[in-house]
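Everything below belongs to input-v7.cif, which stores mmCIF, C-alpha atoms.
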```cif
data_protein
loop_
_atom_site.label_atom_id
_atom_site.label_comp_id
_atom_site.auth_asym_id
_atom_site.auth_seq_id
_atom_site.Cartn_x
_atom_site.Cartn_y
_atom_site.Cartn_z
CA GLY A 1 66.91 5.94 -75.30
CA PRO A 2 69.01 3.24 -76.88
CA LEU A 3 71.36 4.19 -79.67
CA SER A 4 69.59 2.32 -82.41
CA ALA A 5 66.24 3.98 -81.70
CA ARG A 6 67.45 7.55 -82.00
CA ARG A 7 67.15 9.77 -85.03
CA LEU A 8 70.12 11.43 -86.74
CA LEU A 9 69.63 14.86 -85.16
CA ASP A 10 69.49 13.36 -81.67
CA VAL A 11 72.81 11.52 -81.97
CA ARG A 12 75.79 13.29 -80.47
CA LEU A 13 78.90 13.80 -82.58
CA GLY A 14 81.04 11.34 -80.62
CA GLU A 15 78.48 8.58 -80.96
CA LEU A 16 78.19 8.90 -84.72
CA PRO A 17 80.56 6.03 -85.63
CA ALA A 18 78.74 3.79 -83.21
CA TRP A 19 75.34 4.85 -84.48
CA LEU A 20 75.97 4.33 -88.19
CA PRO A 21 76.05 0.50 -88.15
CA THR A 22 72.73 0.39 -86.29
CA CYS A 23 71.03 1.97 -89.29
CA ASP A 24 68.94 -0.15 -91.60
CA PHE A 25 70.61 0.17 -95.00
CA SER A 26 68.53 -2.45 -96.79
CA PRO A 27 66.29 -1.15 -99.62
CA GLN A 28 63.22 -1.38 -97.41
CA GLY A 29 65.06 0.34 -94.63
CA LEU A 30 66.27 3.16 -96.88
CA LEU A 31 62.79 3.53 -98.33
CA GLY A 32 61.33 3.66 -94.82
CA GLY A 33 63.88 6.25 -93.84
CA VAL A 34 63.06 8.40 -96.87
CA GLN A 35 59.35 8.08 -96.16
CA LYS A 36 59.81 9.07 -92.53
CA ALA A 37 61.91 12.08 -93.47
CA TRP A 38 59.40 13.23 -96.09
CA SER A 39 56.42 12.75 -93.79
CA SER A 40 58.09 14.66 -90.94
CA TYR A 41 58.97 17.53 -93.34
CA TYR A 42 55.47 17.47 -94.83
CA ASP A 43 53.74 17.53 -91.48
CA LYS A 44 55.93 20.36 -90.23
CA TYR A 45 55.90 22.78 -93.16
CA ILE A 46 53.18 21.90 -95.70
CA ASN A 47 50.28 20.10 -93.96
CA VAL A 48 49.25 23.08 -91.82
CA LYS A 49 46.19 25.26 -91.76
CA ARG A 50 47.89 28.54 -92.70
CA GLY A 51 51.15 27.80 -94.39
CA GLY A 52 53.35 30.22 -96.24
CA PRO A 53 55.84 30.12 -99.09
CA ALA A 54 58.42 28.44 -96.87
CA GLY A 55 57.15 24.92 -97.45
CA ILE A 56 57.75 24.64 -101.19
CA SER A 57 60.44 27.31 -101.44
CA MET A 58 62.78 25.16 -99.34
CA LEU A 59 62.06 22.20 -101.64
CA LEU A 60 62.78 24.34 -104.71
CA ALA A 61 66.00 25.67 -103.19
CA GLY A 62 67.10 22.15 -102.41
CA TYR A 63 66.29 21.16 -105.98
CA CYS A 64 68.32 24.13 -107.32
CA LEU A 65 71.31 23.19 -105.21
CA LEU A 66 71.07 19.53 -106.24
CA SER A 67 70.84 20.33 -109.95
CA TYR A 68 73.71 22.81 -109.62
CA GLY A 69 75.78 20.11 -108.00
CA TRP A 70 74.95 17.65 -110.80
CA ASN A 71 75.80 20.16 -113.51
CA TYR A 72 78.87 21.63 -111.82
CA GLN A 73 81.29 19.85 -114.08
CA HIS A 74 79.62 21.28 -117.16
CA ILE A 75 79.20 24.77 -115.71
CA SER A 76 82.75 25.10 -114.51
CA LYS A 77 84.03 24.69 -118.05
CA ILE A 78 82.96 28.14 -119.19
CA SER A 79 83.87 28.76 -122.77
CA PHE A 80 85.48 32.13 -123.18
CA LEU A 81 84.80 32.09 -126.90
CA VAL A 82 81.39 33.76 -126.73
CA SER A 83 80.24 35.57 -129.83
CA CYS A 84 81.07 39.21 -129.19
CA VAL B 1 24.29 -8.63 -79.51
CA LEU B 2 26.18 -5.42 -78.86
CA HIS B 3 27.78 -5.42 -75.45
CA THR B 4 27.07 -1.86 -74.44
CA THR B 5 29.08 -2.23 -71.27
CA ARG B 6 32.31 -2.82 -73.19
CA PRO B 7 34.35 0.39 -73.28
CA LEU B 8 35.15 1.65 -76.77
CA HIS B 9 38.21 3.59 -77.94
CA THR B 10 40.34 2.74 -74.96
CA THR B 11 43.66 2.55 -76.82
CA GLN B 12 45.67 5.61 -77.80
CA GLN B 13 45.65 5.01 -81.52
CA GLY B 14 42.23 5.93 -82.69
CA LEU B 15 41.64 6.79 -86.33
CA ALA B 16 38.93 9.27 -85.44
CA PRO B 17 38.74 11.95 -84.39
CA LEU B 18 42.03 13.06 -85.93
CA PRO B 19 43.99 15.68 -84.05
CA PRO B 20 43.50 19.10 -85.63
CA LEU B 21 46.14 20.40 -88.05
CA PRO B 22 48.69 22.83 -86.59
CA GLU B 23 47.86 26.45 -87.23
CA LYS B 24 51.18 27.58 -88.68
CA GLY B 25 54.13 25.70 -90.13
CA GLY B 26 57.58 25.68 -88.67
CA GLU B 27 59.23 29.09 -88.48
CA VAL B 28 61.45 29.85 -91.47
CA ARG B 29 63.56 32.94 -91.91
CA TYR B 30 63.77 34.58 -95.34
CA GLY B 31 61.65 31.71 -96.67
CA LEU B 32 64.69 29.42 -96.88
CA ILE B 33 66.38 28.74 -93.58
CA PRO B 34 64.49 27.15 -90.68
CA GLU B 35 64.51 28.94 -87.38
CA GLU B 36 66.06 25.91 -85.67
CA PHE B 37 69.35 26.71 -87.40
CA PHE B 38 69.51 30.15 -85.82
CA GLN B 39 68.54 28.73 -82.44
CA PHE B 40 71.20 26.07 -82.83
CA LEU B 41 73.94 28.66 -83.34
CA TYR B 42 72.64 31.20 -80.84
CA PRO B 43 74.32 29.86 -77.65
CA LYS B 44 77.77 29.88 -79.20
CA THR B 45 77.72 32.85 -81.60
CA GLY B 46 74.80 35.02 -80.55
CA VAL B 47 72.43 36.71 -82.96
CA THR B 48 74.82 37.62 -85.73
CA GLY B 49 76.49 34.22 -85.88
CA PRO B 50 74.39 32.66 -88.67
CA TYR B 51 74.62 35.84 -90.75
CA MET B 52 78.40 35.91 -90.49
CA LEU B 53 78.45 32.24 -91.41
CA GLY B 54 76.24 32.93 -94.40
CA THR B 55 78.34 35.88 -95.61
CA GLY B 56 81.57 33.95 -95.21
CA LEU B 57 80.13 30.97 -97.03
CA VAL B 58 78.89 33.09 -99.95
CA LEU B 59 82.23 34.88 -100.30
CA TYR B 60 84.08 31.57 -100.16
CA LEU B 61 81.89 30.04 -102.86
CA LEU B 62 82.26 33.08 -105.09
CA SER B 63 86.00 33.49 -104.67
CA LYS B 64 86.82 29.86 -105.17
CA GLU B 65 84.51 29.77 -108.19
CA ILE B 66 82.53 26.93 -106.67
CA TYR B 67 79.54 29.06 -107.61
CA VAL B 68 80.15 30.33 -111.13
CA LEU B 69 78.75 33.72 -112.13
CA ASN B 70 77.33 33.52 -115.63
CA HIS B 71 74.18 34.39 -117.57
CA GLU B 72 72.22 31.93 -115.44
CA THR B 73 73.00 34.00 -112.37
CA VAL B 74 71.42 37.07 -113.94
CA ALA B 75 68.40 35.06 -115.04
CA ALA B 76 68.02 33.55 -111.56
CA ALA B 77 68.28 37.00 -109.97
CA CYS B 78 65.55 38.41 -112.25
CA ILE B 79 63.24 35.43 -111.70
CA LEU B 80 63.77 35.52 -107.95
CA SER B 81 63.07 39.24 -107.73
CA VAL B 82 59.84 38.84 -109.73
CA ILE B 83 58.75 35.92 -107.56
CA ILE B 84 59.50 37.77 -104.34
CA TYR B 85 57.66 40.85 -105.56
CA GLY B 86 54.65 38.73 -106.49
CA ILE B 87 54.59 36.98 -103.13
CA LYS B 88 54.92 40.22 -101.20
CA LYS B 89 52.17 41.90 -103.15
CA PHE B 90 49.57 39.13 -103.58
CA GLY B 91 50.46 36.80 -100.73
CA SER B 92 47.89 38.03 -98.25
CA ASP B 93 45.08 38.01 -100.84
CA VAL B 94 45.82 34.47 -101.87
CA ALA B 95 46.01 33.46 -98.22
CA ALA B 96 42.62 35.08 -97.52
CA PHE B 97 41.10 33.32 -100.53
CA ALA B 98 42.47 29.95 -99.42
CA ASP B 99 41.21 30.56 -95.90
CA LYS B 100 37.78 31.35 -97.31
CA LEU B 101 37.76 28.07 -99.25
CA ASN B 102 38.77 26.22 -96.14
CA GLU B 103 36.05 27.94 -94.15
CA GLU B 104 33.44 26.93 -96.71
CA LYS B 105 34.59 23.34 -96.59
CA MET B 106 34.50 23.32 -92.81
CA ALA B 107 31.09 24.98 -92.78
CA LYS B 108 29.73 22.36 -95.16
CA ALA B 109 31.13 19.53 -93.08
CA LEU B 110 29.81 21.08 -89.89
CA ALA B 111 26.41 21.58 -91.52
CA VAL B 112 26.34 17.92 -92.49
CA LYS B 113 27.31 16.92 -88.97
CA ASN B 114 24.67 19.17 -87.39
CA GLU B 115 22.11 17.92 -89.85
CA ALA B 116 22.91 14.36 -88.91
CA ILE B 117 22.76 15.15 -85.20
CA LYS B 118 19.41 16.88 -85.61
CA ASP B 119 17.99 13.99 -87.60
CA LEU B 120 19.17 11.52 -85.01
CA GLU B 121 17.67 13.59 -82.22
CA THR B 122 14.29 13.74 -83.96
CA ALA B 123 14.58 10.00 -84.52
CA ILE B 124 15.21 9.53 -80.79
CA GLU B 125 12.17 11.63 -79.91
CA GLN B 126 9.98 9.73 -82.32
CA GLU B 127 11.26 6.48 -80.89
CA LYS B 128 10.37 7.63 -77.38
CA LYS B 129 6.93 8.62 -78.61
CA GLU B 130 6.48 5.18 -80.13
CA GLN B 131 7.49 3.62 -76.84
CA TRP B 132 4.91 5.76 -75.08
CA ARG B 133 2.32 4.68 -77.62
CA VAL B 134 3.08 1.07 -76.92
CA GLU B 135 1.78 1.55 -73.40
CA GLY B 136 -1.63 2.37 -74.82
CA ARG B 137 -1.84 -0.95 -76.57
CA SER B 138 -3.98 -2.47 -73.81
CA PHE B 139 -6.69 0.15 -74.34
CA LEU B 140 -6.64 -0.52 -78.04
CA PHE B 141 -7.08 -4.21 -77.54
CA ASP B 142 -9.88 -3.72 -75.01
CA ALA B 143 -11.74 -1.55 -77.48
CA LYS B 144 -11.22 -4.13 -80.20
CA ARG B 145 -12.43 -6.90 -77.94
CA ASN B 146 -15.55 -4.88 -77.11
CA ASN B 147 -16.17 -4.32 -80.79
CA ILE B 148 -15.88 -7.99 -81.57
CA ALA B 149 -18.17 -8.93 -78.67
CA MET B 150 -20.77 -6.48 -79.92
CA VAL B 151 -20.57 -7.81 -83.44
CA LEU B 152 -21.00 -11.36 -82.17
CA GLU B 153 -23.97 -10.34 -80.04
CA THR B 154 -25.58 -8.55 -82.98
CA ASN B 155 -25.08 -11.53 -85.21
CA TYR B 156 -26.54 -13.87 -82.62
CA ARG B 157 -29.61 -11.71 -82.18
CA GLU B 158 -30.12 -11.38 -85.90
CA ARG B 159 -30.07 -15.12 -86.27
CA LEU B 160 -32.42 -15.52 -83.35
CA LEU B 161 -34.83 -13.16 -85.08
CA THR B 162 -34.50 -15.09 -88.32
CA VAL B 163 -35.26 -18.33 -86.54
CA TYR B 164 -38.29 -16.80 -84.86
CA ASN B 165 -39.58 -15.43 -88.17
CA GLU B 166 -39.13 -18.70 -89.97
CA VAL B 167 -40.84 -20.70 -87.30
CA LYS B 168 -43.71 -18.21 -87.21
CA LYS B 169 -44.05 -18.45 -90.97
CA ARG B 170 -44.31 -22.17 -90.85
CA LEU B 171 -46.84 -22.13 -88.04
CA ASP B 172 -48.86 -19.47 -89.87
CA TYR B 173 -48.86 -21.69 -92.91
CA GLN B 174 -50.20 -24.57 -90.94
CA VAL B 175 -52.91 -22.38 -89.43
CA ALA B 176 -53.82 -21.01 -92.85
CA MET B 177 -53.98 -24.52 -94.22
CA GLN B 178 -56.37 -25.61 -91.47
CA ASN B 179 -58.56 -22.56 -91.96
CA LEU B 180 -58.67 -23.12 -95.66
CA LYS B 181 -59.61 -26.75 -95.23
CA ARG B 182 -62.39 -25.92 -92.82
CA GLN B 183 -63.72 -23.21 -95.11
CA LYS B 184 -63.69 -25.47 -98.08
CA GLU B 185 -65.50 -28.13 -96.12
CA GLN B 186 -68.07 -25.60 -95.01
CA ASP B 187 -68.61 -24.26 -98.51
CA HIS B 188 -68.84 -27.67 -99.94
CA MET B 189 -71.33 -28.77 -97.32
CA ILE B 190 -73.48 -25.68 -97.86
CA GLN B 191 -73.48 -26.19 -101.56
CA TRP B 192 -74.39 -29.82 -101.16
CA VAL B 193 -77.19 -29.01 -98.77
CA GLU B 194 -78.52 -26.29 -101.08
CA LYS B 195 -78.33 -28.58 -104.06
CA ASN B 196 -80.14 -31.33 -102.27
CA VAL B 197 -82.76 -28.96 -100.98
CA ILE B 198 -83.35 -27.51 -104.41
CA GLN B 199 -83.54 -30.99 -105.81
CA SER B 200 -86.05 -31.98 -103.19
CA ILE B 201 -88.36 -29.14 -104.10
CA THR B 202 -90.87 -30.82 -106.48
CA PRO B 203 -92.75 -28.75 -109.05
CA GLN B 204 -96.01 -29.19 -107.08
CA GLN B 205 -94.47 -27.71 -103.98
CA GLN B 206 -93.10 -24.86 -106.05
CA LYS B 207 -96.51 -23.89 -107.38
CA GLU B 208 -98.00 -24.10 -103.88
CA SER B 209 -95.26 -21.89 -102.41
CA VAL B 210 -95.55 -19.34 -105.23
CA ALA B 211 -99.40 -19.11 -104.70
CA LYS B 212 -98.86 -18.76 -100.97
CA CYS B 213 -96.37 -15.96 -101.56
CA ILE B 214 -98.80 -14.12 -103.86
CA LEU B 215 -101.54 -14.40 -101.22
CA ASP B 216 -99.14 -13.12 -98.55
CA LEU B 217 -98.17 -10.23 -100.73
CA LYS B 218 -101.76 -9.29 -101.40
CA ALA B 219 -102.51 -9.39 -97.68
CA LEU B 220 -99.48 -7.26 -96.97
CA SER B 221 -100.40 -4.75 -99.65
CA LYS B 222 -103.90 -4.54 -98.23
CA SER B 223 -102.56 -3.93 -94.72
CA ALA B 224 -100.08 -1.42 -96.11
CA GLN B 225 -102.80 0.43 -98.03
CA ALA B 226 -104.93 0.40 -94.88
CA ALA B 227 -102.02 1.80 -92.87
CA VAL B 228 -101.56 4.65 -95.38
#
```
Please render this file's structure as structure tokens.
Amino acid sequence: GPLSARRLLDVRLGELPAWLPTCDFSPQGLLGGVQKAWSSYYDKYINVKRGGPAGISMLLAGYCLLSYGWNYQHISKISFLVSC
Amino acid sequence: VLHTTRPLHTTQQGLAPLPPLPEKGGEVRYGLIPEEFFQFLYPKTGVTGPYMLGTGLVLYLLSKEIYVLNHETVAAACILSVIIYGIKKFGSDVAAFADKLNEEKMAKALAVKNEAIKDLETAIEQEKKEQWRVEGRSFLFDAKRNNIAMVLETNYRERLLTVYNEVKKRLDYQVAMQNLKRQKEQDHMIQWVEKNVIQSITPQQQKESVAKCILDLKALSKSAQAAV
């Protein structure tokens, strides 16, 4: 289909610079994008009849990575002066 | 007026019935990495490609100290091992319990639906019976008309009888009146005649008649004695 109607995973690498401006980066557009992403994830991994641990474990892993990234600056400054 | 010939639910987007939920979620390996990633790398690197990528990535992060090993690493390792042990041991039981809850919910909903269908079917049958009964209305009305005609006839005859009785009573009264009048006239006349006759009997005539009677009696007694 047309470039503007495709999702991120369907865009080829060479078309990426051309695809980016067609995105809707207004607040409503970003919110809509976030909602679509969450609903597609939810329908694929959580809203099923017999799900497993994969649905929430991926969310928790993503949360761990995100919080590690936020606290990296603080963690990297390990103090060697521990009480020992 | 409901146009029953108009087709309903012709468009694709119908809110009901919803499509059923998928049975299983998307495939995920080791609980963290979706299967699509492995399939994505398979054409170029084969089966071991993602694992090599993962190992290389981990070693890079550790050696460059992008991932710092400290007390939190030990804590995370302990927590993760406990969690994985718990899931491996109790996962199937929890899944069975959740499936049972789901089954109960479905059974209840199905029971409600079947209940509703049964009630509607009985309602349909009763409606058909009522429609059949309507056909018998003509008989009902004929019977009622007959009843009413009979009641009218009875009433008419009763009144006829009443009229007859009343008229007879009046005529009887008239007849009784006439009889009474005649009788009274007769009695009165008799009395008057008797009174006049008694008045006309003078004392002289009375003595003569009494003497005559005594003579007659004597003669009779003589003839009676002679007969004995």
Pull out every residue that the PyMOL selection byres ((chain B and resi 32) around 10) matches in the shown coordinates and put them as a list of chain:residue names.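 Matching residues under the PyMOL selection byres ((chain B and resi 32) around 10) are A:Pro53, A:Ala54, A:Gly55, A:Ile56, A:Ser57, A:Met58, A:Leu59, A:Leu60, A:Ala61, A:Gly62, B:Val28, B:Arg29, B:Tyr30, B:Gly31, B:Ile33, B:Pro34, B:Glu35.
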Within 6 Å of chain A, which residues of chain B come that close, and what is the closest atom pair and distance in Å for each? Count all atoms listed in the file and give it as CSV.
```
residue,atom,partner,partner_atom,distance
B:Leu21,CA,A:Val48,CA,5.6
B:Pro22,CA,A:Val48,CA,5.3
B:Glu23,CA,A:Lys49,CA,5.0
B:Lys24,CA,A:Arg50,CA,5.3
B:Gly25,CA,A:Tyr45,CA,4.6
B:Gly26,CA,A:Tyr45,CA,5.6
B:Gly31,CA,A:Ala54,CA,4.6
B:Leu32,CA,A:Met58,CA,5.3
```
Selected residue of minimal separation from A:Pro17 among A:Leu3, A:Leu30, A:Leu66, A:Ala37, counting all atoms listed in the file: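 With all atoms listed in the file as the atom set, the closest residue is A:Leu3.
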List the residues selected by the PyMOL selection byres ((chain B and resi 68) around 12) in the file shown, writing them as a PDB file with C-alpha atoms, keeping the file's coordinate frame.
```
ATOM      1  CA  TYR A  68      73.710  22.810-109.620  1.00  0.00           C
ATOM      2  CA  GLY A  69      75.780  20.110-108.000  1.00  0.00           C
ATOM      3  CA  ASN A  71      75.800  20.160-113.510  1.00  0.00           C
ATOM      4  CA  TYR A  72      78.870  21.630-111.820  1.00  0.00           C
ATOM      5  CA  GLN A  73      81.290  19.850-114.080  1.00  0.00           C
ATOM      6  CA  HIS A  74      79.620  21.280-117.160  1.00  0.00           C
ATOM      7  CA  ILE A  75      79.200  24.770-115.710  1.00  0.00           C
ATOM      8  CA  SER A  76      82.750  25.100-114.510  1.00  0.00           C
ATOM      9  CA  LYS A  77      84.030  24.690-118.050  1.00  0.00           C
ATOM     10  CA  ILE A  78      82.960  28.140-119.190  1.00  0.00           C
TER      11      ILE A  78
ATOM     12  CA  VAL B  58      78.890  33.090 -99.950  1.00  0.00           C
ATOM     13  CA  LEU B  59      82.230  34.880-100.300  1.00  0.00           C
ATOM     14  CA  TYR B  60      84.080  31.570-100.160  1.00  0.00           C
ATOM     15  CA  LEU B  61      81.890  30.040-102.860  1.00  0.00           C
ATOM     16  CA  LEU B  62      82.260  33.080-105.090  1.00  0.00           C
ATOM     17  CA  SER B  63      86.000  33.490-104.670  1.00  0.00           C
ATOM     18  CA  LYS B  64      86.820  29.860-105.170  1.00  0.00           C
ATOM     19  CA  GLU B  65      84.510  29.770-108.190  1.00  0.00           C
ATOM     20  CA  ILE B  66      82.530  26.930-106.670  1.00  0.00           C
ATOM     21  CA  TYR B  67      79.540  29.060-107.610  1.00  0.00           C
ATOM     22  CA  LEU B  69      78.750  33.720-112.130  1.00  0.00           C
ATOM     23  CA  ASN B  70      77.330  33.520-115.630  1.00  0.00           C
ATOM     24  CA  HIS B  71      74.180  34.390-117.570  1.00  0.00           C
ATOM     25  CA  GLU B  72      72.220  31.930-115.440  1.00  0.00           C
ATOM     26  CA  THR B  73      73.000  34.000-112.370  1.00  0.00           C
ATOM     27  CA  VAL B  74      71.420  37.070-113.940  1.00  0.00           C
TER      28      VAL B  74
END
```
Computed interatomic separation between atom CA of A:Ala18 and atom CA of A:Pro2 (Å):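 For atom CA of A:Ala18 relative to atom CA of A:Pro2, the distance reads 11.6 Å.
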